[in-house]
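Enquirer: This is upload35.txt (compact mmCIF, C-alpha atoms).
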```
# COMPACT_ATOMS: atom_id res chain seq x y z
CA MET E 17 7.56 18.94 0.44
CA GLY E 18 5.45 16.57 2.52
CA LYS E 19 6.58 14.19 5.19
CA LEU E 20 8.17 10.77 5.02
CA ILE E 21 6.51 8.70 7.74
CA ILE E 22 6.41 5.20 9.14
CA PHE E 23 3.05 4.01 10.41
CA PRO E 24 1.27 0.81 11.37
CA THR E 25 -1.32 -0.87 9.20
CA ASP E 26 -3.39 -4.01 9.73
CA THR E 27 -0.66 -6.11 8.11
CA VAL E 28 2.84 -4.66 8.73
CA TYR E 29 4.38 -1.24 9.38
CA GLY E 30 4.66 0.85 6.23
CA ILE E 31 6.95 3.65 5.15
CA GLY E 32 5.19 6.18 2.97
CA CYS E 33 4.59 9.66 1.62
CA GLU E 34 1.90 11.55 -0.26
CA ILE E 35 1.38 10.07 -3.73
CA PHE E 36 2.80 13.04 -5.71
CA ASP E 37 5.81 13.73 -3.43
CA LYS E 38 8.63 12.75 -5.80
CA GLU E 39 11.40 13.72 -3.37
CA ASN E 40 10.15 11.37 -0.65
CA ILE E 41 9.30 8.65 -3.17
CA ASN E 42 12.98 8.71 -4.12
CA LYS E 43 13.97 8.56 -0.43
CA ILE E 44 11.88 5.42 0.05
CA TYR E 45 13.69 3.68 -2.81
CA GLU E 46 17.07 4.79 -1.43
CA LEU E 47 16.37 3.81 2.19
CA LYS E 48 15.17 0.35 1.22
CA HIS E 49 17.73 -0.18 -1.56
CA ARG E 50 14.66 -1.08 -3.61
CA PRO E 51 15.04 -1.59 -7.36
CA ARG E 52 13.38 1.27 -9.31
CA ASN E 53 11.51 -1.21 -11.50
CA LYS E 54 9.59 -2.45 -8.44
CA PRO E 55 6.54 -0.22 -7.87
CA LEU E 56 5.29 1.07 -4.52
CA ALA E 57 1.72 0.33 -3.44
CA CYS E 58 -0.78 3.05 -2.60
CA LEU E 59 -2.80 3.05 0.60
CA CYS E 60 -6.13 4.84 0.45
CA ALA E 61 -8.74 5.71 3.09
CA ASP E 62 -11.71 4.67 0.96
CA LEU E 63 -13.09 3.92 -2.50
CA LYS E 64 -13.35 7.66 -3.25
CA GLN E 65 -9.57 8.06 -2.84
CA ILE E 66 -8.95 4.99 -5.02
CA LYS E 67 -11.08 6.53 -7.78
CA GLN E 68 -8.93 9.70 -7.62
CA ILE E 69 -5.80 7.76 -8.64
CA ALA E 70 -6.97 4.73 -10.64
CA TYR E 71 -9.63 3.41 -13.00
CA ILE E 72 -11.99 0.74 -11.61
CA ASN E 73 -14.29 -1.57 -13.54
CA SER E 74 -17.41 -3.14 -12.01
CA LEU E 75 -15.74 -6.46 -11.11
CA GLU E 76 -12.77 -4.74 -9.46
CA LYS E 77 -15.24 -2.59 -7.51
CA LYS E 78 -17.02 -5.73 -6.25
CA VAL E 79 -13.70 -7.16 -5.01
CA ILE E 80 -12.77 -3.86 -3.31
CA GLU E 81 -16.17 -3.61 -1.61
CA LYS E 82 -15.96 -7.22 -0.36
CA PHE E 83 -12.37 -7.30 0.95
CA MET E 84 -11.51 -3.72 1.86
CA PRO E 85 -10.66 -2.42 4.28
CA GLY E 86 -8.42 -5.43 4.66
CA ALA E 87 -5.32 -7.31 3.60
CA LEU E 88 -5.85 -7.15 -0.16
CA THR E 89 -3.89 -5.06 -2.65
CA ILE E 90 -5.52 -4.87 -6.09
CA ILE E 91 -3.62 -3.82 -9.20
CA LEU E 92 -5.50 -1.16 -11.20
CA LYS E 93 -4.82 1.01 -14.23
CA ALA E 94 -3.30 4.25 -12.92
CA LYS E 95 -4.65 7.65 -13.88
CA LYS E 96 -2.33 9.78 -16.05
CA LYS E 97 -0.85 12.02 -13.32
CA VAL E 98 -0.15 8.97 -11.12
CA ALA E 99 1.52 7.12 -14.01
CA GLU E 100 3.65 10.20 -14.77
CA THR E 101 4.72 10.51 -11.12
CA THR E 102 5.42 6.83 -10.47
CA GLY E 103 6.60 5.78 -13.92
CA PHE E 104 4.14 2.86 -13.92
CA GLU E 105 0.91 2.46 -15.90
CA THR E 106 -0.64 0.42 -13.07
CA ILE E 107 -0.86 0.90 -9.33
CA GLY E 108 -1.53 -1.48 -6.46
CA VAL E 109 -4.10 -0.02 -4.07
CA ARG E 110 -5.30 -1.09 -0.65
CA ILE E 111 -7.55 0.24 2.10
CA PRO E 112 -5.98 -0.80 5.42
CA ASN E 113 -8.16 -1.94 8.32
CA SER E 114 -6.30 0.16 10.89
CA LYS E 115 -7.64 3.18 12.77
CA ILE E 116 -4.22 4.85 12.85
CA ALA E 117 -3.61 4.28 9.13
CA GLN E 118 -7.14 5.51 8.33
CA ARG E 119 -6.60 8.77 10.25
CA ILE E 120 -3.29 9.35 8.44
CA LEU E 121 -4.83 8.63 5.01
CA ILE E 122 -7.86 10.83 5.62
CA LYS E 123 -5.51 13.67 6.59
CA ASN E 124 -2.88 13.17 3.83
CA GLY E 125 -4.80 11.54 1.00
CA PRO E 126 -3.52 8.51 -0.90
CA MET E 127 0.02 7.56 0.12
CA LEU E 128 2.64 5.52 -1.71
CA THR E 129 3.94 2.94 0.74
CA THR E 130 5.90 -0.22 1.17
CA SER E 131 6.88 -2.37 4.11
CA VAL E 132 9.62 -1.17 6.47
CA ASN E 133 12.69 -3.24 5.66
CA GLU E 134 15.61 -3.58 3.34
CA SER E 135 14.35 -4.75 -0.05
CA GLU E 136 13.88 -8.54 -0.16
CA GLU E 137 14.18 -8.88 3.64
CA ILE E 138 11.47 -9.69 6.18
CA PRO E 139 9.37 -6.62 7.11
CA LEU E 140 10.14 -5.04 10.49
CA ASN E 141 7.11 -4.79 12.73
CA ASP E 142 8.59 -3.82 16.11
CA PHE E 143 8.29 -0.10 16.92
CA GLU E 144 11.57 0.13 18.88
CA GLU E 145 13.55 -1.73 16.21
CA ILE E 146 12.07 0.47 13.47
CA LYS E 147 12.80 3.62 15.48
CA MET E 148 16.41 2.56 16.01
CA LYS E 149 17.04 1.65 12.36
CA TYR E 150 15.01 4.33 10.52
CA GLY E 151 14.27 7.09 13.06
CA GLU E 152 16.88 9.52 11.77
CA PHE E 153 15.71 9.16 8.15
CA VAL E 154 11.98 9.88 8.52
CA ASP E 155 9.89 12.76 9.82
CA GLU E 156 7.70 10.68 12.11
CA ILE E 157 7.12 7.13 13.33
CA TYR E 158 3.71 6.27 14.75
CA PRO E 159 3.50 3.76 17.61
CA THR E 160 0.53 1.41 17.89
CA ASP E 161 -1.27 -0.86 20.27
CA GLU E 162 -3.40 -2.25 17.44
CA LYS E 163 -2.89 -5.89 16.52
CA SER E 164 -1.40 -6.52 13.08
CA SER E 165 -1.23 -9.77 11.17
CA ASN E 166 2.54 -9.52 10.51
CA GLN E 167 1.75 -10.91 7.06
CA ALA E 168 1.87 -8.88 3.86
CA SER E 169 -1.37 -8.40 1.94
CA THR E 170 -2.52 -10.60 -0.90
CA VAL E 171 -1.75 -8.90 -4.23
CA PHE E 172 -4.43 -9.48 -6.85
CA SER E 173 -4.79 -8.51 -10.50
CA PHE E 174 -7.74 -8.73 -12.86
CA LEU E 175 -6.18 -6.48 -15.52
CA GLU E 176 -6.01 -9.13 -18.23
CA GLY E 177 -9.56 -10.32 -17.54
CA VAL E 178 -8.33 -13.36 -15.61
CA PRO E 179 -8.16 -13.27 -11.80
CA LYS E 180 -4.54 -13.76 -10.73
CA ILE E 181 -2.77 -13.76 -7.36
CA LEU E 182 0.65 -12.08 -7.64
CA ARG E 183 1.51 -12.51 -3.95
CA GLU E 184 -0.27 -14.84 -1.58
CA GLY E 185 -1.52 -13.53 1.74
CA GLU E 186 -4.55 -14.17 3.95
CA ILE E 187 -7.10 -13.71 1.14
CA THR E 188 -7.14 -16.56 -1.38
CA LEU E 189 -7.88 -16.70 -5.11
CA GLU E 190 -10.81 -18.99 -4.27
CA GLN E 191 -12.35 -16.30 -2.03
CA ILE E 192 -11.89 -13.63 -4.71
CA SER E 193 -13.22 -15.89 -7.49
CA LYS E 194 -16.46 -16.41 -5.56
CA VAL E 195 -17.04 -12.63 -5.55
CA LEU E 196 -16.38 -12.40 -9.31
CA LYS E 197 -19.10 -14.95 -10.20
```
Can you give me the file's structure in the form of structure tokens?
Expert:
Amino acid sequence: MGKLIIFPTDTVYGIGCEIFDKENINKIYELKHRPRNKPLACLCADLKQIKQIAYINSLEKKVIEKFMPGALTIILKAKKKVAETTGFETIGVRIPNSKIAQRILIKNGPMLTTSVNESEEIPLNDFEEIKMKYGEFVDEIYPTDEKSSNQASTVFSFLEGVPKILREGEITLEQISKVLK
């Protein structure tokens, strides 16, 4: 079994585990009281890691190369082993613009993550508060002196051939549409 960790990203703190660690995936859902029909996102260190877990067409690749690393999560068709592990045919992937997150992802590979909070509540982004609330439930919590945006990433899908924002963040549909032209 791998580790369940909490670590900073460029947006908010995330709680995560290696992508095929079913035991810790279940712990994340339990800790957050997150509905099982709500998928976890996957943080990756680079495009190579994304290609290990999902299929990417040329337009999706252009969007990834333009906005990542950064505050954009893109929904892609999951590869078979990922779909079997997560129970979802698609997966949201993101490359965070954070040195700490990058080191963790290079070491551990793609990690399923979500913000640190109770489901449907505002994400926690204060190290001491996170440590107090979740410290006994995780293997490690990473402190940071990096600046984060405190805003969740934009979630974008192009799966049906039409660019669509599923959650608004710093990156707009207008910015993404310009890249797709």
Enquirer: Hey, which of E:Ile120, E:Leu63, E:Ile72, E:Leu128 ends up closest to Thr102 of chain E? Count all atoms listed in the file.
Expert: E:Leu128
Enquirer: Mind pulling up the distance from atom CA of Ala57 of chain E to atom CA of Gly108 of chain E?
Expert: 4.8 Å
Enquirer: With distances taken over all atoms listed in the file, which residue among E:Leu56, E:Thr106, E:Asp62, E:Glu100 lies nearest Gly86 of chain E?
Expert: E:Asp62
Enquirer: Using only C-alpha atoms, find the one residue out of E:Arg119, E:Lys54, E:Lys48, E:Lys96 that sits nearest to Phe23 of chain E.
Expert: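 Among E:Arg119, E:Lys54, E:Lys48, E:Lys96, it is E:Arg119 that comes nearest to Phe23 of chain E.
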Enquirer: Here's a test: counting all atoms listed in the file, identify every protein, DNA and RNA residue with an atom at most 6 Å from (-3.2, 2.4, -16.1) in the file's coordinate frame, and state them as a ChimeraX atom specification.
Expert: /E:93-95,105-106
Enquirer: Mind giving me the straight-line distance from atom CA of Ile66 of chain E to atom CA of Ile41 of chain E in Å, one decimal?
Expert: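 Calculated distance between atom CA of Ile66 of chain E and atom CA of Ile41 of chain E is 18.7 Å.
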Enquirer: Which is closest to Ile22 of chain E among E:Asn42, E:Thr130, E:Thr89, E:Ser173, if we use all atoms listed in the file?
Expert: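 Among E:Asn42, E:Thr130, E:Thr89, E:Ser173, it is E:Thr130 that comes nearest to Ile22 of chain E.
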Enquirer: Do you have the atom CA of Lys194 of chain E-atom CA of Ser74 of chain E distance handy?
Expert: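 So the answer is 14.8 Å.
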Enquirer: Neighbouring residues of Pro24 of chain E were defined as those with any atom within 10 Å, considering only C-alpha atoms; residues of the same chain fewer than 3 positions away were excluded. Please report them as number ranges by chain.
Expert: E: 27-31, 112, 114-117, 131-132, 141-143, 157-164
Enquirer: Between E:Leu59, E:Val79, E:Leu20, E:Ala70, which is the closest to Tyr45 of chain E once you count only C-alpha atoms?
Expert: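 For Tyr45 of chain E, the nearest of the candidates is E:Leu20.
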Enquirer: Hey, which of E:Ile146, E:Thr170, E:Leu196, E:Gln65 ends up closest to Glu184 of chain E? Count only C-alpha atoms.
Expert: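 Among the listed residues, E:Thr170 lies closest to Glu184 of chain E.
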Enquirer: Need the shell around Met127 of chain E: protein/DNA/RNA residues with any atom at most 8 Å away, counting all atoms listed in the file. Skip same-chain ones fewer than 5 positions apart. Format as a ChimeraX atom specification?
Expert: /E:32-35,58-60,121
Enquirer: Please provide as a ChimeraX atom specification all residues within 9 Å of Leu189 of chain E, with the sequence filter that same-chain residues fewer than 6 positions apart are discarded (counting all atoms listed in the file).
Expert: /E:172,179-181
Enquirer: Can you spit out the residues from that selection as a PDB file, keeping the file's coordinate frame, using C-alpha atoms?
Expert:
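This is the output file again-v3.pdb:
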```pdb
ATOM      1  CA  PHE E 172      -4.430  -9.480  -6.850  1.00  0.00           C
ATOM      2  CA  PRO E 179      -8.160 -13.270 -11.800  1.00  0.00           C
ATOM      3  CA  LYS E 180      -4.540 -13.760 -10.730  1.00  0.00           C
ATOM      4  CA  ILE E 181      -2.770 -13.760  -7.360  1.00  0.00           C
TER       5      ILE E 181
END
```
